[in-house]
Structure formats: structure tokens, C-alpha cells
>>> print(open('coords-v3.pdb').read())   # PDB, C-alpha atoms, pLDDT in the B column
ATOM      1  CA  MET A  24     -82.959 155.793 150.160  1.00 85.00           C
ATOM      2  CA  ALA A  25     -81.400 153.234 152.495  1.00 84.00           C
ATOM      3  CA  ARG A  26     -81.811 155.651 155.407  1.00 87.00           C
ATOM      4  CA  VAL A  27     -85.537 155.972 154.684  1.00 89.00           C
ATOM      5  CA  ARG A  28     -85.940 152.180 154.550  1.00 87.00           C
ATOM      6  CA  ALA A  29     -84.110 151.809 157.878  1.00 88.00           C
ATOM      7  CA  VAL A  30     -86.429 154.311 159.562  1.00 88.00           C
ATOM      8  CA  GLU A  31     -89.714 153.054 158.112  1.00 85.00           C
ATOM      9  CA  ASN A  32     -88.948 149.432 159.045  1.00 85.00           C
ATOM     10  CA  ARG A  33     -87.055 150.222 162.285  1.00 87.00           C
ATOM     11  CA  ARG A  34     -84.144 148.014 161.271  1.00 87.00           C
ATOM     12  CA  TRP A  35     -80.369 148.298 161.179  1.00 90.00           C
ATOM     13  CA  ILE A  36     -78.884 148.285 157.703  1.00 88.00           C
ATOM     14  CA  VAL A  37     -75.258 147.486 156.975  1.00 87.00           C
ATOM     15  CA  ARG A  38     -74.628 148.731 153.467  1.00 85.00           C
ATOM     16  CA  SER A  39     -71.494 147.560 151.730  1.00 83.00           C
ATOM     17  CA  THR A  40     -70.666 148.514 148.155  1.00 79.00           C
ATOM     18  CA  ASN A  41     -67.644 148.009 145.915  1.00 76.00           C
ATOM     19  CA  ASN A  42     -67.109 151.615 144.874  1.00 74.00           C
ATOM     20  CA  GLY A  43     -69.571 153.578 146.999  1.00 73.00           C
ATOM     21  CA  PHE A  44     -70.088 154.258 150.641  1.00 79.00           C
ATOM     22  CA  THR A  45     -69.890 151.470 153.201  1.00 85.00           C
ATOM     23  CA  VAL A  46     -71.922 152.421 156.279  1.00 87.00           C
ATOM     24  CA  SER A  47     -74.065 151.175 159.119  1.00 89.00           C
ATOM     25  CA  ILE A  48     -77.476 152.864 159.451  1.00 90.00           C
ATOM     26  CA  ASP A  49     -79.416 152.610 162.706  1.00 90.00           C
ATOM     27  CA  PRO A  50     -83.243 152.413 163.004  1.00 89.00           C
ATOM     28  CA  TYR A  51     -83.405 156.205 163.400  1.00 91.00           C
ATOM     29  CA  GLY A  52     -81.508 156.951 160.173  1.00 91.00           C
ATOM     30  CA  ARG A  53     -78.178 157.896 161.758  1.00 91.00           C
ATOM     31  CA  ILE A  54     -75.061 156.841 159.848  1.00 89.00           C
ATOM     32  CA  PHE A  55     -72.165 155.288 161.747  1.00 86.00           C
ATOM     33  CA  ARG A  56     -68.532 155.320 160.570  1.00 81.00           C
ATOM     34  CA  PRO A  57     -68.838 155.699 156.814  1.00 84.00           C
ATOM     35  CA  LEU A  58     -65.858 154.626 154.723  1.00 83.00           C
ATOM     36  CA  PRO A  59     -64.909 156.983 151.904  1.00 83.00           C
ATOM     37  CA  PRO A  60     -65.630 155.782 148.370  1.00 82.00           C
ATOM     38  CA  ASP A  61     -63.001 153.907 146.347  1.00 80.00           C
ATOM     39  CA  VAL A  62     -60.858 153.066 149.391  1.00 79.00           C
ATOM     40  CA  ARG A  63     -59.969 149.496 150.291  1.00 81.00           C
ATOM     41  CA  ALA A  64     -60.445 149.140 154.046  1.00 80.00           C
ATOM     42  CA  ALA A  65     -62.043 147.095 156.791  1.00 80.00           C
ATOM     43  CA  VAL A  66     -64.262 148.456 159.521  1.00 79.00           C
ATOM     44  CA  ASP A  67     -66.167 147.037 162.478  1.00 79.00           C
ATOM     45  CA  LEU A  68     -69.673 148.458 162.062  1.00 78.00           C
ATOM     46  CA  PRO A  69     -72.349 148.344 164.780  1.00 80.00           C
ATOM     47  CA  TYR A  70     -75.644 146.573 164.146  1.00 80.00           C
ATOM     48  CA  ASP A  71     -78.344 144.760 166.078  1.00 78.00           C
ATOM     49  CA  PHE A  72     -81.164 142.358 165.328  1.00 80.00           C
ATOM     50  CA  ARG A  73     -84.657 143.620 166.092  1.00 77.00           C
ATOM     51  CA  ALA A  74     -87.935 141.777 166.368  1.00 79.00           C
ATOM     52  CA  GLY A  75     -91.365 143.258 165.820  1.00 78.00           C
ATOM     53  CA  GLU A  76     -93.051 145.034 162.961  1.00 78.00           C
ATOM     54  CA  THR A  77     -93.921 148.618 162.247  1.00 78.00           C
ATOM     55  CA  ILE A  78     -97.340 149.621 160.977  1.00 78.00           C
ATOM     56  CA  TYR A  79     -95.852 150.185 157.524  1.00 78.00           C
ATOM     57  CA  THR A  80     -94.205 146.756 157.496  1.00 79.00           C
ATOM     58  CA  ARG A  81     -97.426 145.051 158.519  1.00 80.00           C
ATOM     59  CA  PHE A  82     -99.940 146.891 156.312  1.00 80.00           C
ATOM     60  CA  GLY A  83     -97.841 148.412 153.507  1.00 80.00           C
ATOM     61  CA  ASP A  84     -99.251 151.238 151.412  1.00 82.00           C
ATOM     62  CA  TRP A  85    -102.891 150.954 152.502  1.00 84.00           C
ATOM     63  CA  PHE A  86    -102.996 154.565 153.758  1.00 83.00           C
ATOM     64  CA  ALA A  87    -101.587 155.900 150.473  1.00 83.00           C
ATOM     65  CA  TRP A  88    -104.124 153.880 148.469  1.00 88.00           C
ATOM     66  CA  LEU A  89    -106.909 155.081 150.768  1.00 88.00           C
ATOM     67  CA  CYS A  90    -105.883 158.683 150.046  1.00 88.00           C
ATOM     68  CA  VAL A  91    -106.123 157.932 146.327  1.00 91.00           C
ATOM     69  CA  LEU A  92    -109.502 156.209 146.535  1.00 89.00           C
ATOM     70  CA  VAL A  93    -111.351 158.642 148.852  1.00 90.00           C
ATOM     71  CA  PRO A  94    -111.434 161.586 146.372  1.00 88.00           C
ATOM     72  CA  LEU A  95    -112.818 159.273 143.688  1.00 81.00           C
ATOM     73  CA  PHE A  96    -116.067 158.697 145.595  1.00 78.00           C
TER
END
>>> encode(input="coords-v3.pdb", output="C-alpha cells")
Amino acid sequence: MARVRAVENRRWIVRSTNNGFTVSIDPYGRIFRPLPPDVRAAVDLPYDFRAGETIYTRFGDWFAWLCVLVPLF
């Protein structure tokens, strides 16, 4: 799910968990240098700050709601 959120918002995500996967996800959904689960380690993960908004970030679920409302009329 984190990969989908990275793509729809065009943002880098650095995901760090205690007993899961620790990864860096780029704005296109590619995973960089995942650490295996349940291993204590340190890693230098790439990331970048991005400005700007996607259509989904700006307007949200308006298209999905429009698809629900159109058949009702």
C-alpha cells in the first residue's frame, strides 16, 4: 500500500518498521535497498523532497464520487 501512496502523491517514502521491511520508495513505486525483516542493521536510504501537488492530492476522490453519482441520475 505504501508503494501506491508514493505513486499517487509523487512523493518519496522512507518506511522504517521494527520487525518488517525497511525500504525507500521513490515517486514511481520502485523500492531501493530493502532490509530483510527481523535483522538489526543500518542503511543509508535515498530520498528527496518534492514540491507540487498531483491532481489526486489536490482534489481527492472527486472522480470516484462522480462515477457513483452519475448512474443515480
>>> residues_around(input="coords-v3.pdb", residues="segment 63-74 of chain A", least_positions_apart="2", cutoff="12 Å", atoms="all atoms listed in the file", output="number ranges by chain")
A: 29, 32-50, 53-61, 76-77, 80
>>> atom_distance(input="coords-v3.pdb", atom1="atom CA of Arg28 of chain A", atom2="atom CA of Phe86 of chain A")
17.2 Å
>>> atom_distance(input="coords-v3.pdb", atom1="atom CA of Ile78 of chain A", atom2="atom CA of Tyr51 of chain A")
15.6 Å
>>> axis_aligned_box(input="coords-v3.pdb", around="segment 56-71 of chain A", padding_each_side="5 Å", output="lines of an AutoDock Vina configuration file")
center_x = -69.2
center_y = 150.9
center_z = 156.2
size_x = 28.4
size_y = 22.2
size_z = 29.7
>>> atom_distance(input="coords-v3.pdb", atom1="atom CA of Arg81 of chain A", atom2="atom CA of Arg26 of chain A")
19.1 Å
>>> decode(input="coords-v3.pdb", residues="segment 81-94 of chain A", atoms="all heavy atoms", output="compact mmCIF listing (two decimals), in the first residue's frame")
# COMPACT_ATOMS: atom_id res chain seq x y z
N ARG A 81 -4.66 17.24 -4.84
CA ARG A 81 -5.41 18.50 -4.81
C ARG A 81 -6.92 18.28 -4.67
O ARG A 81 -7.60 18.93 -3.90
CB ARG A 81 -5.12 19.30 -6.07
CG ARG A 81 -5.82 20.66 -6.05
CD ARG A 81 -5.42 21.51 -7.21
NE ARG A 81 -3.99 21.82 -7.07
CZ ARG A 81 -3.25 22.28 -8.06
NH1 ARG A 81 -3.78 22.48 -9.23
NH2 ARG A 81 -1.98 22.53 -7.87
N PHE A 82 -7.48 17.34 -5.44
CA PHE A 82 -8.93 17.19 -5.50
C PHE A 82 -9.47 15.95 -4.79
O PHE A 82 -10.68 15.84 -4.60
CB PHE A 82 -9.41 17.18 -6.95
CG PHE A 82 -9.08 18.45 -7.67
CD1 PHE A 82 -8.15 18.46 -8.67
CD2 PHE A 82 -9.72 19.63 -7.33
CE1 PHE A 82 -7.85 19.63 -9.35
CE2 PHE A 82 -9.42 20.80 -8.00
CZ PHE A 82 -8.48 20.80 -9.01
N GLY A 83 -8.63 15.00 -4.44
CA GLY A 83 -9.08 13.82 -3.71
C GLY A 83 -9.90 12.86 -4.56
O GLY A 83 -9.61 12.63 -5.73
N ASP A 84 -10.96 12.35 -3.99
CA ASP A 84 -11.77 11.30 -4.64
C ASP A 84 -12.95 11.85 -5.43
O ASP A 84 -13.97 11.16 -5.58
CB ASP A 84 -12.29 10.33 -3.57
CG ASP A 84 -11.18 9.52 -2.95
OD1 ASP A 84 -10.20 9.24 -3.63
OD2 ASP A 84 -11.33 9.17 -1.76
N TRP A 85 -12.86 13.04 -5.97
CA TRP A 85 -14.00 13.63 -6.67
C TRP A 85 -14.39 12.79 -7.89
O TRP A 85 -15.57 12.64 -8.18
CB TRP A 85 -13.73 15.07 -7.08
CG TRP A 85 -12.65 15.20 -8.11
CD1 TRP A 85 -11.33 15.37 -7.88
CD2 TRP A 85 -12.80 15.15 -9.53
NE1 TRP A 85 -10.64 15.42 -9.06
CE2 TRP A 85 -11.52 15.30 -10.10
CE3 TRP A 85 -13.89 15.00 -10.37
CZ2 TRP A 85 -11.30 15.29 -11.46
CZ3 TRP A 85 -13.67 15.00 -11.75
CH2 TRP A 85 -12.39 15.15 -12.27
N PHE A 86 -13.43 12.24 -8.62
CA PHE A 86 -13.75 11.44 -9.80
C PHE A 86 -14.48 10.16 -9.40
O PHE A 86 -15.44 9.76 -10.05
CB PHE A 86 -12.49 11.11 -10.59
CG PHE A 86 -12.77 10.37 -11.87
CD1 PHE A 86 -13.36 11.01 -12.94
CD2 PHE A 86 -12.46 9.02 -11.98
CE1 PHE A 86 -13.64 10.32 -14.11
CE2 PHE A 86 -12.74 8.33 -13.14
CZ PHE A 86 -13.33 8.98 -14.21
N ALA A 87 -14.04 9.51 -8.32
CA ALA A 87 -14.71 8.30 -7.86
C ALA A 87 -16.14 8.61 -7.43
O ALA A 87 -17.07 7.85 -7.76
CB ALA A 87 -13.93 7.68 -6.71
N TRP A 88 -16.34 9.70 -6.71
CA TRP A 88 -17.70 10.09 -6.29
C TRP A 88 -18.56 10.46 -7.50
O TRP A 88 -19.76 10.19 -7.52
CB TRP A 88 -17.66 11.24 -5.30
CG TRP A 88 -17.26 10.77 -3.94
CD1 TRP A 88 -16.09 11.05 -3.28
CD2 TRP A 88 -18.01 9.94 -3.07
NE1 TRP A 88 -16.08 10.43 -2.07
CE2 TRP A 88 -17.25 9.75 -1.91
CE3 TRP A 88 -19.26 9.34 -3.16
CZ2 TRP A 88 -17.70 8.97 -0.85
CZ3 TRP A 88 -19.70 8.56 -2.10
CH2 TRP A 88 -18.93 8.39 -0.96
N LEU A 89 -17.96 11.08 -8.49
CA LEU A 89 -18.70 11.42 -9.71
C LEU A 89 -19.17 10.15 -10.42
O LEU A 89 -20.32 10.08 -10.89
CB LEU A 89 -17.82 12.25 -10.65
CG LEU A 89 -18.46 12.73 -11.94
CD1 LEU A 89 -19.59 13.72 -11.63
CD2 LEU A 89 -17.42 13.37 -12.82
N CYS A 90 -18.33 9.13 -10.44
CA CYS A 90 -18.71 7.85 -11.05
C CYS A 90 -19.84 7.18 -10.28
O CYS A 90 -20.64 6.44 -10.85
CB CYS A 90 -17.51 6.92 -11.13
SG CYS A 90 -16.27 7.46 -12.33
N VAL A 91 -19.94 7.43 -8.99
CA VAL A 91 -21.02 6.86 -8.19
C VAL A 91 -22.31 7.64 -8.42
O VAL A 91 -23.39 7.06 -8.52
CB VAL A 91 -20.64 6.87 -6.68
CG1 VAL A 91 -21.83 6.56 -5.82
CG2 VAL A 91 -19.49 5.91 -6.42
N LEU A 92 -22.20 8.95 -8.53
CA LEU A 92 -23.40 9.79 -8.64
C LEU A 92 -24.03 9.79 -10.03
O LEU A 92 -25.25 9.89 -10.15
CB LEU A 92 -23.07 11.22 -8.24
CG LEU A 92 -22.71 11.43 -6.78
CD1 LEU A 92 -22.30 12.87 -6.53
CD2 LEU A 92 -23.89 11.05 -5.90
N VAL A 93 -23.24 9.67 -11.09
CA VAL A 93 -23.78 9.76 -12.45
C VAL A 93 -24.82 8.67 -12.73
O VAL A 93 -25.89 8.97 -13.28
CB VAL A 93 -22.63 9.73 -13.49
CG1 VAL A 93 -23.14 9.49 -14.88
CG2 VAL A 93 -21.86 11.04 -13.43
N PRO A 94 -24.60 7.42 -12.37
CA PRO A 94 -25.64 6.40 -12.66
C PRO A 94 -26.93 6.61 -11.86
O PRO A 94 -27.98 6.08 -12.24
CB PRO A 94 -24.99 5.08 -12.24
CG PRO A 94 -23.54 5.34 -12.23
CD PRO A 94 -23.38 6.79 -11.91
